[in-house]
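S.K.: Structure file start-v5.csv, CSV, C-alpha atoms, is pasted below:
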```csv
chain,number,residue,atom,x,y,z
A,1,MET,CA,-1.4,-18.0,17.3
A,2,LYS,CA,-3.0,-20.2,20.0
A,3,LYS,CA,-6.2,-18.3,20.3
A,4,ASN,CA,-7.8,-16.3,17.6
A,5,ARG,CA,-9.3,-13.1,19.0
A,6,ILE,CA,-9.1,-11.1,15.8
A,7,LYS,CA,-12.2,-9.2,14.8
A,8,VAL,CA,-10.8,-6.8,12.2
A,9,LEU,CA,-8.2,-7.1,9.5
A,10,ILE,CA,-6.5,-3.8,8.4
A,11,PHE,CA,-4.5,-3.8,5.2
A,12,ASP,CA,-1.5,-2.0,4.0
A,13,VAL,CA,-2.4,-1.3,0.3
A,14,PHE,CA,0.6,-0.3,-1.9
A,15,GLY,CA,2.4,-3.5,-2.7
A,16,THR,CA,0.3,-5.7,-0.4
A,17,VAL,CA,-3.1,-5.4,-2.0
A,18,VAL,CA,-2.2,-3.8,-5.4
A,19,ASP,CA,0.7,-4.2,-7.8
A,20,TRP,CA,1.8,-0.6,-8.0
A,21,ARG,CA,4.9,-1.3,-10.1
A,22,SER,CA,3.4,-3.0,-13.1
A,23,SER,CA,0.3,-0.7,-13.0
A,24,ILE,CA,2.5,2.4,-13.1
A,25,VAL,CA,4.8,1.0,-15.8
A,26,ASN,CA,1.8,0.2,-18.0
A,27,GLY,CA,0.2,3.6,-17.3
A,28,LEU,CA,3.4,5.5,-18.1
A,29,LYS,CA,3.8,3.6,-21.4
A,30,GLU,CA,0.4,4.8,-22.4
A,31,LEU,CA,0.5,8.4,-21.2
A,32,LEU,CA,4.1,9.6,-21.6
A,33,PRO,CA,4.7,11.6,-24.8
A,34,VAL,CA,8.0,9.9,-25.5
A,35,ASP,CA,8.9,6.2,-26.2
A,36,MET,CA,10.8,4.6,-23.4
A,37,LYS,CA,12.3,1.2,-23.1
A,38,ASP,CA,10.8,-1.3,-20.6
A,39,ASP,CA,13.8,-1.0,-18.3
A,40,GLU,CA,13.6,2.8,-18.4
A,41,LEU,CA,9.9,2.7,-17.5
A,42,GLU,CA,10.7,0.3,-14.6
A,43,SER,CA,13.3,2.7,-13.3
A,44,PHE,CA,10.9,5.6,-13.6
A,45,ALA,CA,8.2,3.8,-11.6
A,46,VAL,CA,10.7,2.7,-8.9
A,47,GLU,CA,12.2,6.2,-8.6
A,48,TRP,CA,8.7,7.7,-8.4
A,49,ARG,CA,7.8,5.3,-5.5
A,50,LYS,CA,11.2,6.0,-3.8
A,51,GLY,CA,10.2,9.7,-3.7
A,52,TYR,CA,7.2,8.8,-1.6
A,53,THR,CA,9.1,6.6,0.8
A,54,GLU,CA,11.8,9.2,1.3
A,55,PHE,CA,9.2,11.9,2.0
A,56,ILE,CA,7.4,9.8,4.5
A,57,SER,CA,10.7,8.9,6.3
A,58,ASN,CA,11.7,12.6,6.5
A,59,PHE,CA,8.2,13.6,7.6
A,60,ASN,CA,8.3,11.1,10.5
A,61,LYS,CA,11.7,12.6,11.5
A,62,GLY,CA,10.2,16.1,11.5
A,63,LEU,CA,12.1,17.2,8.5
A,64,ASN,CA,9.1,17.8,6.1
A,65,ASP,CA,5.9,19.7,6.5
A,66,TRP,CA,2.6,17.7,5.9
A,67,MET,CA,1.6,16.8,2.4
A,68,ASN,CA,-0.9,14.2,1.3
A,69,VAL,CA,0.2,11.4,-0.9
A,70,ASP,CA,-1.2,12.8,-4.1
A,71,ASP,CA,0.9,16.0,-3.6
A,72,ILE,CA,3.9,13.9,-2.7
A,73,HIS,CA,3.6,11.9,-5.9
A,74,LEU,CA,3.0,15.1,-7.9
A,75,LYS,CA,6.1,16.8,-6.6
A,76,LYS,CA,8.3,13.8,-7.3
A,77,LEU,CA,6.7,13.2,-10.7
A,78,THR,CA,7.5,16.8,-11.7
A,79,GLU,CA,11.1,16.4,-10.6
A,80,ILE,CA,11.5,13.2,-12.7
A,81,LEU,CA,9.8,14.6,-15.8
A,82,GLU,CA,12.1,17.7,-15.6
A,83,SER,CA,15.2,15.6,-15.2
A,84,LYS,CA,14.2,13.6,-18.3
A,85,ASN,CA,13.4,16.7,-20.3
A,86,ILE,CA,9.8,15.6,-20.6
A,87,LEU,CA,8.1,18.2,-18.4
A,88,ASN,CA,7.9,20.9,-21.2
A,89,LEU,CA,6.1,18.4,-23.5
A,90,LEU,CA,3.1,18.1,-21.1
A,91,ASP,CA,0.4,20.5,-20.0
A,92,LYS,CA,-1.0,20.7,-16.5
A,93,ASN,CA,-3.9,18.4,-17.2
A,94,GLN,CA,-1.7,15.8,-18.8
A,95,ILE,CA,0.6,15.8,-15.7
A,96,SER,CA,-2.4,15.5,-13.5
A,97,GLU,CA,-3.6,12.5,-15.5
A,98,ILE,CA,-0.3,10.8,-15.1
A,99,ASN,CA,-0.3,11.5,-11.3
A,100,LEU,CA,-3.8,9.9,-11.1
A,101,LEU,CA,-2.3,6.6,-12.2
A,102,TRP,CA,-1.9,5.9,-8.5
A,103,HIS,CA,-5.7,6.0,-8.1
A,104,LYS,CA,-5.9,3.2,-10.7
A,105,LEU,CA,-3.6,0.5,-9.4
A,106,ASN,CA,-4.5,-3.1,-10.3
A,107,PRO,CA,-4.8,-5.8,-7.7
A,108,TRP,CA,-2.7,-8.9,-7.4
A,109,LYS,CA,-4.3,-12.0,-8.9
A,110,ASP,CA,-5.4,-13.3,-5.5
A,111,THR,CA,-6.5,-10.0,-4.0
A,112,VAL,CA,-10.2,-9.7,-5.0
A,113,GLU,CA,-11.0,-13.4,-4.3
A,114,GLY,CA,-9.0,-13.4,-1.1
A,115,LEU,CA,-10.6,-10.3,0.3
A,116,LYS,CA,-14.0,-11.7,-0.5
A,117,LEU,CA,-13.2,-14.8,1.5
A,118,LEU,CA,-11.7,-12.9,4.4
A,119,LYS,CA,-14.7,-10.6,4.6
A,120,THR,CA,-16.9,-13.5,5.4
A,121,ASN,CA,-15.3,-13.8,8.8
A,122,TYR,CA,-13.8,-10.4,9.5
A,123,SER,CA,-14.4,-6.7,9.0
A,124,ILE,CA,-11.8,-5.6,6.5
A,125,GLY,CA,-10.4,-2.1,5.7
A,126,THR,CA,-7.3,-0.2,4.7
A,127,LEU,CA,-4.6,1.2,7.0
A,128,SER,CA,-2.7,3.1,4.3
A,129,ASN,CA,-0.7,6.2,4.0
A,130,GLY,CA,-2.5,7.0,0.8
A,131,ASN,CA,-5.1,9.8,1.0
A,132,PHE,CA,-8.8,9.1,1.2
A,133,SER,CA,-9.8,10.0,-2.3
A,134,LEU,CA,-6.9,7.9,-3.8
A,135,LEU,CA,-7.9,4.9,-1.8
A,136,LEU,CA,-11.6,5.4,-2.6
A,137,ASN,CA,-11.0,5.7,-6.3
A,138,MET,CA,-8.6,2.7,-6.2
A,139,SER,CA,-11.2,0.6,-4.5
A,140,LYS,CA,-13.7,1.3,-7.2
A,141,HIS,CA,-11.2,0.7,-10.0
A,142,SER,CA,-10.0,-2.7,-8.6
A,143,ASN,CA,-13.3,-3.9,-7.0
A,144,LEU,CA,-11.9,-3.8,-3.5
A,145,MET,CA,-14.9,-4.3,-1.2
A,146,TRP,CA,-13.7,-2.6,2.0
A,147,ASP,CA,-15.9,-2.2,5.0
A,148,PHE,CA,-14.0,1.0,5.8
A,149,ILE,CA,-11.0,3.2,4.7
A,150,PHE,CA,-8.4,4.5,7.0
A,151,SER,CA,-6.0,6.9,5.2
A,152,GLY,CA,-3.0,9.1,6.0
A,153,ASP,CA,-5.0,12.3,5.8
A,154,ILE,CA,-7.6,11.0,8.4
A,155,PHE,CA,-4.8,10.7,10.9
A,156,MET,CA,-2.6,13.5,9.6
A,157,ALA,CA,0.2,11.0,10.3
A,158,TYR,CA,2.0,8.3,8.5
A,159,LYS,CA,3.0,4.7,9.2
A,160,PRO,CA,5.2,3.5,10.8
A,161,ASN,CA,4.3,6.2,13.4
A,162,LYS,CA,2.7,4.3,16.3
A,163,PHE,CA,-0.1,6.9,16.6
A,164,VAL,CA,-1.6,5.5,13.3
A,165,TYR,CA,-2.0,2.0,14.6
A,166,LYS,CA,-3.2,3.0,18.0
A,167,HIS,CA,-5.7,5.5,16.7
A,168,ALA,CA,-7.0,3.0,14.1
A,169,CYS,CA,-7.8,0.6,17.0
A,170,LYS,CA,-9.5,3.5,18.9
A,171,LEU,CA,-11.7,4.3,16.0
A,172,LEU,CA,-12.6,0.6,15.7
A,173,ASP,CA,-13.4,0.6,19.4
A,174,LEU,CA,-11.2,-2.5,19.8
A,175,ASN,CA,-8.2,-3.6,21.8
A,176,PRO,CA,-5.0,-3.8,19.6
A,177,ASN,CA,-4.9,-7.6,20.0
A,178,GLU,CA,-8.3,-7.8,18.4
A,179,VAL,CA,-6.9,-6.2,15.2
A,180,ALA,CA,-4.5,-7.7,12.7
A,181,LEU,CA,-2.4,-5.8,10.3
A,182,VAL,CA,-1.9,-7.5,6.9
A,183,ALA,CA,1.2,-6.3,5.1
A,184,ALA,CA,4.0,-7.3,2.8
A,185,HIS,CA,6.5,-5.0,4.6
A,186,GLU,CA,8.4,-6.0,7.7
A,187,ASN,CA,8.8,-2.5,9.0
A,188,ASP,CA,5.0,-1.9,8.9
A,189,LEU,CA,4.3,-5.2,10.7
A,190,ILE,CA,7.1,-4.7,13.3
A,191,ALA,CA,5.7,-1.2,14.2
A,192,ALA,CA,2.2,-2.6,14.5
A,193,ARG,CA,3.4,-5.4,16.7
A,194,LYS,CA,5.1,-3.0,19.1
A,195,VAL,CA,1.7,-1.5,19.9
A,196,GLY,CA,0.0,-4.8,20.4
A,197,LEU,CA,-1.6,-5.6,17.1
A,198,LYS,CA,-1.6,-9.1,15.6
A,199,THR,CA,0.5,-9.4,12.5
A,200,ALA,CA,0.0,-11.2,9.2
A,201,TYR,CA,2.8,-11.1,6.6
A,202,VAL,CA,1.9,-11.7,3.0
A,203,ASP,CA,4.7,-12.4,0.5
A,204,ARG,CA,4.7,-10.2,-2.6
A,205,PRO,CA,8.1,-11.1,-4.2
A,206,LEU,CA,7.3,-9.2,-7.4
A,207,GLU,CA,6.6,-5.8,-5.8
A,208,TYR,CA,9.9,-4.2,-6.9
A,209,SER,CA,11.1,-6.4,-9.7
A,210,ASN,CA,10.2,-9.1,-12.1
A,211,ASN,CA,13.1,-11.1,-10.6
A,212,ILE,CA,12.0,-13.2,-7.6
A,213,THR,CA,14.5,-13.0,-4.7
A,214,ASN,CA,14.4,-15.1,-1.6
A,215,LYS,CA,13.8,-13.0,1.5
A,216,ASN,CA,14.6,-14.1,5.1
A,217,ILE,CA,11.4,-12.8,6.7
A,218,GLU,CA,11.1,-13.1,10.4
A,219,LYS,CA,8.1,-14.9,11.8
A,220,PHE,CA,4.9,-13.0,12.4
A,221,ASP,CA,1.7,-14.3,13.9
A,222,ILE,CA,0.9,-15.6,10.4
A,223,ASN,CA,3.1,-15.8,7.4
A,224,ALA,CA,1.2,-16.4,4.2
A,225,LYS,CA,1.9,-16.8,0.5
A,226,ASN,CA,-1.1,-14.7,-0.6
A,227,PHE,CA,-4.6,-13.6,0.6
A,228,ILE,CA,-6.2,-17.0,-0.1
A,229,ASP,CA,-3.4,-18.7,1.9
A,230,LEU,CA,-4.0,-16.2,4.7
A,231,TYR,CA,-7.7,-17.0,4.7
A,232,GLU,CA,-6.9,-20.7,5.0
A,233,LYS,CA,-4.4,-20.2,7.8
A,234,LEU,CA,-6.8,-18.0,9.8
A,235,GLN,CA,-9.5,-20.7,9.3
A,236,LEU,CA,-7.1,-23.3,10.8
A,237,SER,CA,-6.3,-21.0,13.7
A,238,THR,CA,-9.9,-20.9,14.8
A,239,ASN,CA,-10.4,-24.7,14.7
```
What's the structure tokens form of this structure?
M.R.:
Amino acid sequence: MKKNRIKVLIFDVFGTVVDWRSSIVNGLKELLPVDMKDDELESFAVEWRKGYTEFISNFNKGLNDWMNVDDIHLKKLTEILESKNILNLLDKNQISEINLLWHKLNPWKDTVEGLKLLKTNYSIGTLSNGNFSLLLNMSKHSNLMWDFIFSGDIFMAYKPNKFVYKHACKLLDLNPNEVALVAAHENDLIAARKVGLKTAYVDRPLEYSNNITNKNIEKFDINAKNFIDLYEKLQLSTN
């Protein structure tokens, strides 16, 4: 990036800012009324997340009616609990408490410090498919000091729909090249780049598994190991 014109950083949240997998696994271990092995809890968490990604993909293809992320999670959770013969062991309030685990996701080790550093030079906020209350509660739980929250239910649309990125820039009253999306997911960054945003990839190799795998990630405007590395690379780009 030859010239840094970035004024605002907008962040994907699930997997980029917070470690949803470990958070969900630990929460399930505490709240489920049956004992499950670690690998079973891992599979439960990944399957639950997959339900979200499948719904979003189908919604963007016009195959699903609108639902916010809390409702998407609840629908998939109910399906999984039923398939595992656990649903009848829980009342409505207990199921709701399990679903609210997504409001209490823990940050990656570098997240809080990295966001604090980045906030010294940029306005920072979310650009997440999560609903507003989920993101607000998560920010309080994990001490995420956002300047603003953009959520799926504000736009009534979901990434990677180009409307989301364009309308975020409109609300910020900035040109797309003055805004950078920070994300751990290529499809999100590629979609943002197509509408003119700057792109910053942050590697989160443990998002889906405890086994680190090498990924051949294409080059974005910035490729960083974590948020602190991102801060340092942005500092260099301005000098």
S.K.: When you draw a straight line from CA of Val112 in chain A to CA of Val13 in chain A, how long is it in Å?
M.R.: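 Interatomic distance here is 12.6 Å.
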S.K.: Just want the 6 Å neighbourhood of Pro176 in chain A, counted on only C-alpha atoms, with same-chain residues fewer than 2 positions away dropped. Output as a PyMOL selection string.
M.R.: chain A and resi 169+178-179+196-197
S.K.: Go ahead and save the picked residues with C-alpha atoms, as a tab-separated table (two decimals), in the frame of the given file.
M.R.:
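Okay, result17.tsv is ready:
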```tsv
chain	number	residue	atom	x	y	z
A	169	CYS	CA	-7.80	0.60	17.00
A	178	GLU	CA	-8.30	-7.80	18.40
A	179	VAL	CA	-6.90	-6.20	15.20
A	196	GLY	CA	0.00	-4.80	20.40
A	197	LEU	CA	-1.60	-5.60	17.10
```
S.K.: Measuring between only C-alpha atoms, which one of A:Ala183, A:Leu135, A:Ala192, A:Leu144 shows the shortest distance to Pro160 in chain A?
M.R.: A:Ala192
S.K.: Could you make a table, as CSV, of the residues of range 54-124 of chain A that have an atom within 12 Å of an atom of range 209-225 of chain A, each with its nearest atom pair and distance in Å to one decimal, counting only C-alpha atoms, in chain and number order?
M.R.:
```
residue,atom,partner,partner_atom,distance
A:Asp110,CA,A:Lys225,CA,10.1
A:Thr111,CA,A:Lys225,CA,11.7
A:Gly114,CA,A:Lys225,CA,11.5
```
S.K.: Looking at all atoms listed in the file, which of A:Phe227, A:Phe148, A:Phe14, A:Phe55 is the one that sits closest to Asn106 in chain A?
M.R.: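 That would be A:Phe14, the residue with the smallest distance to Asn106 in chain A.
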S.K.: One decimal, in Å: what's the spacing between CA of Lys166 in chain A and CA of Ile149 in chain A?
M.R.: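 Taking CA of Lys166 in chain A and CA of Ile149 in chain A, their separation equals 15.4 Å.
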S.K.: Select, from A:Leu28, A:Leu105, A:Leu100, A:Leu9, the residue with the minimum atom-to-atom distance to Met138 in chain A, counting only C-alpha atoms.
M.R.: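 Counting only C-alpha atoms, the residue closest to Met138 in chain A is A:Leu105.
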S.K.: So, with only C-alpha atoms as the atoms that count, which of A:Leu87, A:Ala200, A:Ile24, A:Ala168 lies closest to Trp48 in chain A?
M.R.: A:Ile24
S.K.: Calculated over all atoms listed in the file, which of the candidates A:Asn161, A:Met156, A:Lys104, A:Ala45 has the smallest distance to Asn143 in chain A?
M.R.: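 Among A:Asn161, A:Met156, A:Lys104, A:Ala45, it is A:Lys104 that comes nearest to Asn143 in chain A.
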S.K.: Could you tell me which of A:Val202, A:Leu31, A:Val18, A:Val46 comes closest to Glu97 in chain A if we count all atoms listed in the file?
M.R.: A:Leu31
S.K.: In Å, rounded to a single decimal, give me how far CA of Ser139 in chain A is from CA of Leu181 in chain A.
M.R.: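 Computing the Euclidean distance for CA of Leu181 in chain A and CA of Ser139 in chain A yields 18.4 Å.
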S.K.: Identify, on the basis of only C-alpha atoms, every residue whose closest approach to Asn99 in chain A does not exceed 10 Å; exclude the query and any residue fewer than 6 positions from it along the same chain; express the result as a PyMOL selection string.
M.R.: chain A and resi 24+27-28+70-78+93
S.K.: So which residues touch Gly125 in chain A within 9 Å, counting only C-alpha atoms, skipping near sequence neighbours fewer than 6 positions away, as a ChimeraX atom specification?
M.R.: /A:8-11,145-150
S.K.: Write range 153-176 of chain A as an mmCIF file, in the coordinates of the input, completed to N, CA and C atoms.
M.R.:
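The result, written out as rebuild.cif:
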```cif
data_model
loop_
_atom_site.group_PDB
_atom_site.id
_atom_site.type_symbol
_atom_site.label_atom_id
_atom_site.label_comp_id
_atom_site.auth_asym_id
_atom_site.auth_seq_id
_atom_site.Cartn_x
_atom_site.Cartn_y
_atom_site.Cartn_z
ATOM 1 N N ASP A 153 -4.499 10.949 5.520
ATOM 2 C CA ASP A 153 -5.000 12.300 5.800
ATOM 3 C C ASP A 153 -6.147 12.256 6.836
ATOM 4 N N ILE A 154 -6.650 11.093 7.199
ATOM 5 C CA ILE A 154 -7.600 11.000 8.400
ATOM 6 C C ILE A 154 -6.775 11.207 9.641
ATOM 7 N N PHE A 155 -5.588 10.607 9.705
ATOM 8 C CA PHE A 155 -4.800 10.700 10.900
ATOM 9 C C PHE A 155 -3.827 11.868 10.926
ATOM 10 N N MET A 156 -3.593 12.468 9.752
ATOM 11 C CA MET A 156 -2.600 13.500 9.600
ATOM 12 C C MET A 156 -1.226 12.992 10.138
ATOM 13 N N ALA A 157 -0.995 11.716 9.894
ATOM 14 C CA ALA A 157 0.200 11.000 10.300
ATOM 15 C C ALA A 157 0.456 9.859 9.400
ATOM 16 N N TYR A 158 1.687 9.367 9.370
ATOM 17 C CA TYR A 158 2.000 8.300 8.500
ATOM 18 C C TYR A 158 2.683 7.131 9.172
ATOM 19 N N LYS A 159 2.290 5.929 8.765
ATOM 20 C CA LYS A 159 3.000 4.700 9.200
ATOM 21 C C LYS A 159 4.471 4.872 8.845
ATOM 22 N N PRO A 160 5.379 4.359 9.671
ATOM 23 C CA PRO A 160 5.200 3.500 10.800
ATOM 24 C C PRO A 160 5.042 4.266 12.176
ATOM 25 N N ASN A 161 4.547 5.494 12.178
ATOM 26 C CA ASN A 161 4.300 6.200 13.400
ATOM 27 C C ASN A 161 3.258 5.409 14.242
ATOM 28 N N LYS A 162 3.594 5.128 15.489
ATOM 29 C CA LYS A 162 2.700 4.300 16.300
ATOM 30 C C LYS A 162 1.350 4.882 16.536
ATOM 31 N N PHE A 163 1.225 6.204 16.425
ATOM 32 C CA PHE A 163 -0.100 6.900 16.600
ATOM 33 C C PHE A 163 -1.094 6.298 15.602
ATOM 34 N N VAL A 164 -0.651 6.011 14.372
ATOM 35 C CA VAL A 164 -1.600 5.500 13.300
ATOM 36 C C VAL A 164 -2.223 4.230 13.736
ATOM 37 N N TYR A 165 -1.429 3.288 14.196
ATOM 38 C CA TYR A 165 -2.000 2.000 14.600
ATOM 39 C C TYR A 165 -2.852 2.086 15.825
ATOM 40 N N LYS A 166 -2.408 2.875 16.793
ATOM 41 C CA LYS A 166 -3.200 3.000 18.000
ATOM 42 C C LYS A 166 -4.530 3.704 17.747
ATOM 43 N N HIS A 167 -4.499 4.759 16.921
ATOM 44 C CA HIS A 167 -5.700 5.500 16.700
ATOM 45 C C HIS A 167 -6.700 4.700 15.813
ATOM 46 N N ALA A 168 -6.169 3.860 14.934
ATOM 47 C CA ALA A 168 -7.000 3.000 14.100
ATOM 48 C C ALA A 168 -7.827 2.062 15.070
ATOM 49 N N CYS A 169 -7.147 1.482 16.054
ATOM 50 C CA CYS A 169 -7.800 0.600 17.000
ATOM 51 C C CYS A 169 -8.857 1.389 17.830
ATOM 52 N N LYS A 170 -8.524 2.631 18.168
ATOM 53 C CA LYS A 170 -9.500 3.500 18.900
ATOM 54 C C LYS A 170 -10.716 3.736 18.106
ATOM 55 N N LEU A 171 -10.548 4.051 16.820
ATOM 56 C CA LEU A 171 -11.700 4.300 16.000
ATOM 57 C C LEU A 171 -12.564 3.052 15.790
ATOM 58 N N LEU A 172 -11.911 1.883 15.807
ATOM 59 C CA LEU A 172 -12.600 0.600 15.700
ATOM 60 C C LEU A 172 -13.250 0.183 17.019
ATOM 61 N N ASP A 173 -12.886 0.892 18.093
ATOM 62 C CA ASP A 173 -13.400 0.600 19.400
ATOM 63 C C ASP A 173 -12.966 -0.867 19.827
ATOM 64 N N LEU A 174 -11.722 -1.219 19.498
ATOM 65 C CA LEU A 174 -11.200 -2.500 19.800
ATOM 66 C C LEU A 174 -9.845 -2.453 20.466
ATOM 67 N N ASN A 175 -9.527 -3.471 21.232
ATOM 68 C CA ASN A 175 -8.200 -3.600 21.800
ATOM 69 C C ASN A 175 -7.224 -3.950 20.638
ATOM 70 N N PRO A 176 -5.963 -3.533 20.724
ATOM 71 C CA PRO A 176 -5.000 -3.800 19.600
ATOM 72 C C PRO A 176 -4.924 -5.331 19.316
#
```
